[in-house]
Amino acid sequence: MTRTALITGGVSGIGAATAKQLQSGGYSVIANYFGNDAEADAFHKETGIPIFGWNVADFDATQQAVAKIVAQSGPIDILVNNAGITRDSTLHKMTLEQWRSVIDVDLGGCFNTCRAVIESMRERRFGRIVNISSVNALSGQFGQTNYSAAKAGLIGFTKALALEGASRGITANVIAPGYTDTGMVHGVPDEILKTIVSGVPAGRLATPDEIARGVVFLVADEAAFINGATLSINGGKYMA
Ligand code: CAA
């Protein structure tokens, strides 16, 4: 039986690496994107993976898009909530917009997509949900009260959902990546990034593939007993 996976923020960085690894593993994959149309088109041309553009922070748009995907590709067995943004600022300078946008996309987006797929997963008694958090949810990060809060929120959300889904064959788990070689991390000023990398025992950034490997592990049918876990993949930067 071919499982169908939806990956939000799936055309670049960790999301794209996950989409490609799942595709190679024989899964039917669908990637969401928002605002990076050219990158999405290039990804689709390269991989043949269907792409759907919408803002995961928008509840109604998410329900409509998922309904459209299901009509075209059948029910979603696997959901990877990877879409995320940063709006780094120390709290004393942070605007309400910087706070809200990160909470709405990084945490609200997870609610919106999970809500769109959960009833069908319950009916079909199978589901795999993986939420991409961050090392900075566990350690905190200077300049990221918004992001650390949203990403830590994902961990509590996932644990509660893990309890609700367990009797229905649905697992929910978290991956907490460390600093990874993606556009998001390269947005950090060079000098600050150098200092951060020097604090990683592995002495380097993660590759997106190294994070995706964890997702592929957690979404397997055989991973049925892994539920409510947080898997850190951070090169030893923070050991919780
Ligand atoms: N710890 C302690 N003090 C620090 C510090 C740190 N890590 N970084 C800066 N400071 C100090 C500065 O030395 C300076 O001190 P003085 O006021 O005494 O001179 C002061 O804090 C600067 O404070 P400001 O409020 O003026 O900060 P700023 O506006 O210059 O910059 C910032 C704030 C934009 C958030 C900047 O620190 C920054 O970009 N930090 C990186 C944040 C980061 O790691 N983001 C990760 C993005 S990638 C990601 O999130 C993916 C993932 O999951 C890992």
# chains A, B, ... in the order shown; residues from 1 in each chain; ligands from 1
$ residues_around --residues "Cys110 of chain A" --least-positions-apart "5" --cutoff "12 Å" --atoms "only C-alpha atoms" --output "NGL selection string"
:A and (7-9 or 55-59 or 62 or 79-84 or 102-105 or 115-118 or 129-133 or 150-151 or 153-158 or 161 or 172 or 174)
$ residues_around --residues "segment 120-125 of chain A" --least-positions-apart "4" --cutoff "8 Å" --atoms "only C-alpha atoms" --output "list in words"
Pro75, Ile76, Asp77, Gly165, Arg168, Gly169 and Ile170 of chain A
$ residues_near_ligand --ligand "ligand 1" --cutoff "10 Å" --atoms "only C-alpha atoms and all ligand atoms" --output "PyMOL selection string"
chain A and resi 84-94+132-137+140-145+147-148+151+176-193+195-196+205+234
$ select_by_dssp --residues "segment 43-200 of chain A" --states "helix (DSSP H, G or I)" --output "ChimeraX atom specification"
/A:43-47,59-73,91-93,96-124,135-139,145-168,183-186,190-198
$ closest_residue --among "A:Arg3, A:Arg204, A:Lys159, A:Arg100" --to "Gly236 of chain A" --atoms "only C-alpha atoms"
A:Arg204
$ residues_around --residues "Gly26 of chain A" --least-positions-apart "5" --cutoff "12 Å" --atoms "only C-alpha atoms" --output "PDB file with N, CA, C and O atoms, in the first residue's frame"
ATOM      1  N   MET A   1       0.850  -1.208   0.000  1.00  0.00           N
ATOM      2  CA  MET A   1       0.000   0.000   0.000  1.00  0.00           C
ATOM      3  C   MET A   1       0.884   1.255   0.000  1.00  0.00           C
ATOM      4  O   MET A   1       1.771   1.388   0.842  1.00  0.00           O
ATOM      5  N   THR A   2       0.613   2.140  -0.944  1.00  0.00           N
ATOM      6  CA  THR A   2       1.413   3.371  -1.018  1.00  0.00           C
ATOM      7  C   THR A   2       0.829   4.416  -0.071  1.00  0.00           C
ATOM      8  O   THR A   2      -0.347   4.768  -0.172  1.00  0.00           O
ATOM      9  N   ARG A   3       1.627   4.895   0.839  1.00  0.00           N
ATOM     10  CA  ARG A   3       1.198   5.945   1.760  1.00  0.00           C
ATOM     11  C   ARG A   3       1.384   7.318   1.113  1.00  0.00           C
ATOM     12  O   ARG A   3       2.350   7.537   0.379  1.00  0.00           O
ATOM     13  N   THR A   4       0.455   8.221   1.436  1.00  0.00           N
ATOM     14  CA  THR A   4       0.524   9.576   0.886  1.00  0.00           C
ATOM     15  C   THR A   4       0.974  10.556   1.972  1.00  0.00           C
ATOM     16  O   THR A   4       0.410  10.571   3.070  1.00  0.00           O
ATOM     17  N   ALA A   5       1.976  11.358   1.635  1.00  0.00           N
ATOM     18  CA  ALA A   5       2.558  12.299   2.604  1.00  0.00           C
ATOM     19  C   ALA A   5       2.411  13.736   2.122  1.00  0.00           C
ATOM     20  O   ALA A   5       2.709  14.037   0.962  1.00  0.00           O
ATOM     21  N   ALA A  19      10.827  15.619   1.327  1.00  0.00           N
ATOM     22  CA  ALA A  19       9.974  15.221   0.193  1.00  0.00           C
ATOM     23  C   ALA A  19      10.726  14.266  -0.725  1.00  0.00           C
ATOM     24  O   ALA A  19      10.195  13.227  -1.137  1.00  0.00           O
ATOM     25  N   LYS A  20      11.970  14.594  -1.004  1.00  0.00           N
ATOM     26  CA  LYS A  20      12.743  13.754  -1.939  1.00  0.00           C
ATOM     27  C   LYS A  20      13.057  12.393  -1.328  1.00  0.00           C
ATOM     28  O   LYS A  20      12.980  11.372  -2.016  1.00  0.00           O
ATOM     29  N   GLN A  21      13.409  12.385  -0.058  1.00  0.00           N
ATOM     30  CA  GLN A  21      13.708  11.079   0.564  1.00  0.00           C
ATOM     31  C   GLN A  21      12.461  10.208   0.630  1.00  0.00           C
ATOM     32  O   GLN A  21      12.526   8.997   0.409  1.00  0.00           O
ATOM     33  N   VAL A 216      11.872  10.444   7.961  1.00  0.00           N
ATOM     34  CA  VAL A 216      11.587   9.184   7.260  1.00  0.00           C
ATOM     35  C   VAL A 216      11.484   8.043   8.277  1.00  0.00           C
ATOM     36  O   VAL A 216      10.600   7.179   8.179  1.00  0.00           O
ATOM     37  N   ALA A 220       7.469   5.827   9.199  1.00  0.00           N
ATOM     38  CA  ALA A 220       7.327   4.452   8.723  1.00  0.00           C
ATOM     39  C   ALA A 220       6.179   3.740   9.439  1.00  0.00           C
ATOM     40  O   ALA A 220       5.903   4.026  10.607  1.00  0.00           O
TER      41      ALA A 220
END
$ residues_around --residues "His44 of chain A" --least-positions-apart "4" --cutoff "12 Å" --atoms "only C-alpha atoms" --output "VMD selection string"
chain A and resid 10 to 12 16 19 to 20 29 to 33 37 to 40 48 to 53
$ select_by_dssp --residues "segment 52-230 of chain A" --states "strand (DSSP E or B)" --output "list in words"
Phe52, Gly53, Ile78, Leu79, Val80, Asn81, Ser89, Gly127, Arg128, Ile129, Val130, Asn131, Ile132, Gln144, Ile170, Thr171, Ala172, Asn173, Val174, Ile175, Ala176, Pro177, Thr180, Ala206 and Thr230 of chain A
$ atom_distance --atom1 "atom CA of Ile233 of chain A" --atom2 "atom CA of Ile211 of chain A"
6.5 Å
$ atom_distance --atom1 "atom CA of Ser232 of chain A" --atom2 "atom CA of Phe126 of chain A"
24.6 Å
$ atom_distance --atom1 "atom CA of Phe34 of chain A" --atom2 "atom CA of Gln63 of chain A"
15.2 Å
$ closest_residue --among "A:Val219, A:Ala166, A:Ala152, A:Ala71" --to "Tyr27 of chain A" --atoms "only C-alpha atoms"
A:Val219
$ decode --residues "segment 55-75 of chain A" --atoms "C-alpha atoms" --output "compact mmCIF listing (two decimals), in the first residue's frame"
# COMPACT_ATOMS: atom_id res chain seq x y z
CA ASN A 55 -0.52 30.08 3.54
CA VAL A 56 -0.67 27.53 6.36
CA ALA A 57 -1.38 30.37 8.80
CA ASP A 58 -4.78 30.79 7.11
CA PHE A 59 -7.23 28.28 8.58
CA ASP A 60 -9.82 28.40 5.79
CA ALA A 61 -7.24 28.32 3.01
CA THR A 62 -5.68 25.26 4.65
CA GLN A 63 -8.97 23.36 4.92
CA GLN A 64 -9.76 24.14 1.27
CA ALA A 65 -6.32 23.19 0.00
CA VAL A 66 -6.28 19.90 1.90
CA ALA A 67 -9.76 19.06 0.57
CA LYS A 68 -8.47 19.69 -2.96
CA ILE A 69 -5.39 17.53 -2.40
CA VAL A 70 -7.52 14.70 -1.02
CA ALA A 71 -9.87 14.92 -4.01
CA GLN A 72 -6.89 14.59 -6.37
CA SER A 73 -4.56 12.24 -4.51
CA GLY A 74 -6.66 10.44 -1.90
CA PRO A 75 -6.45 10.68 1.87
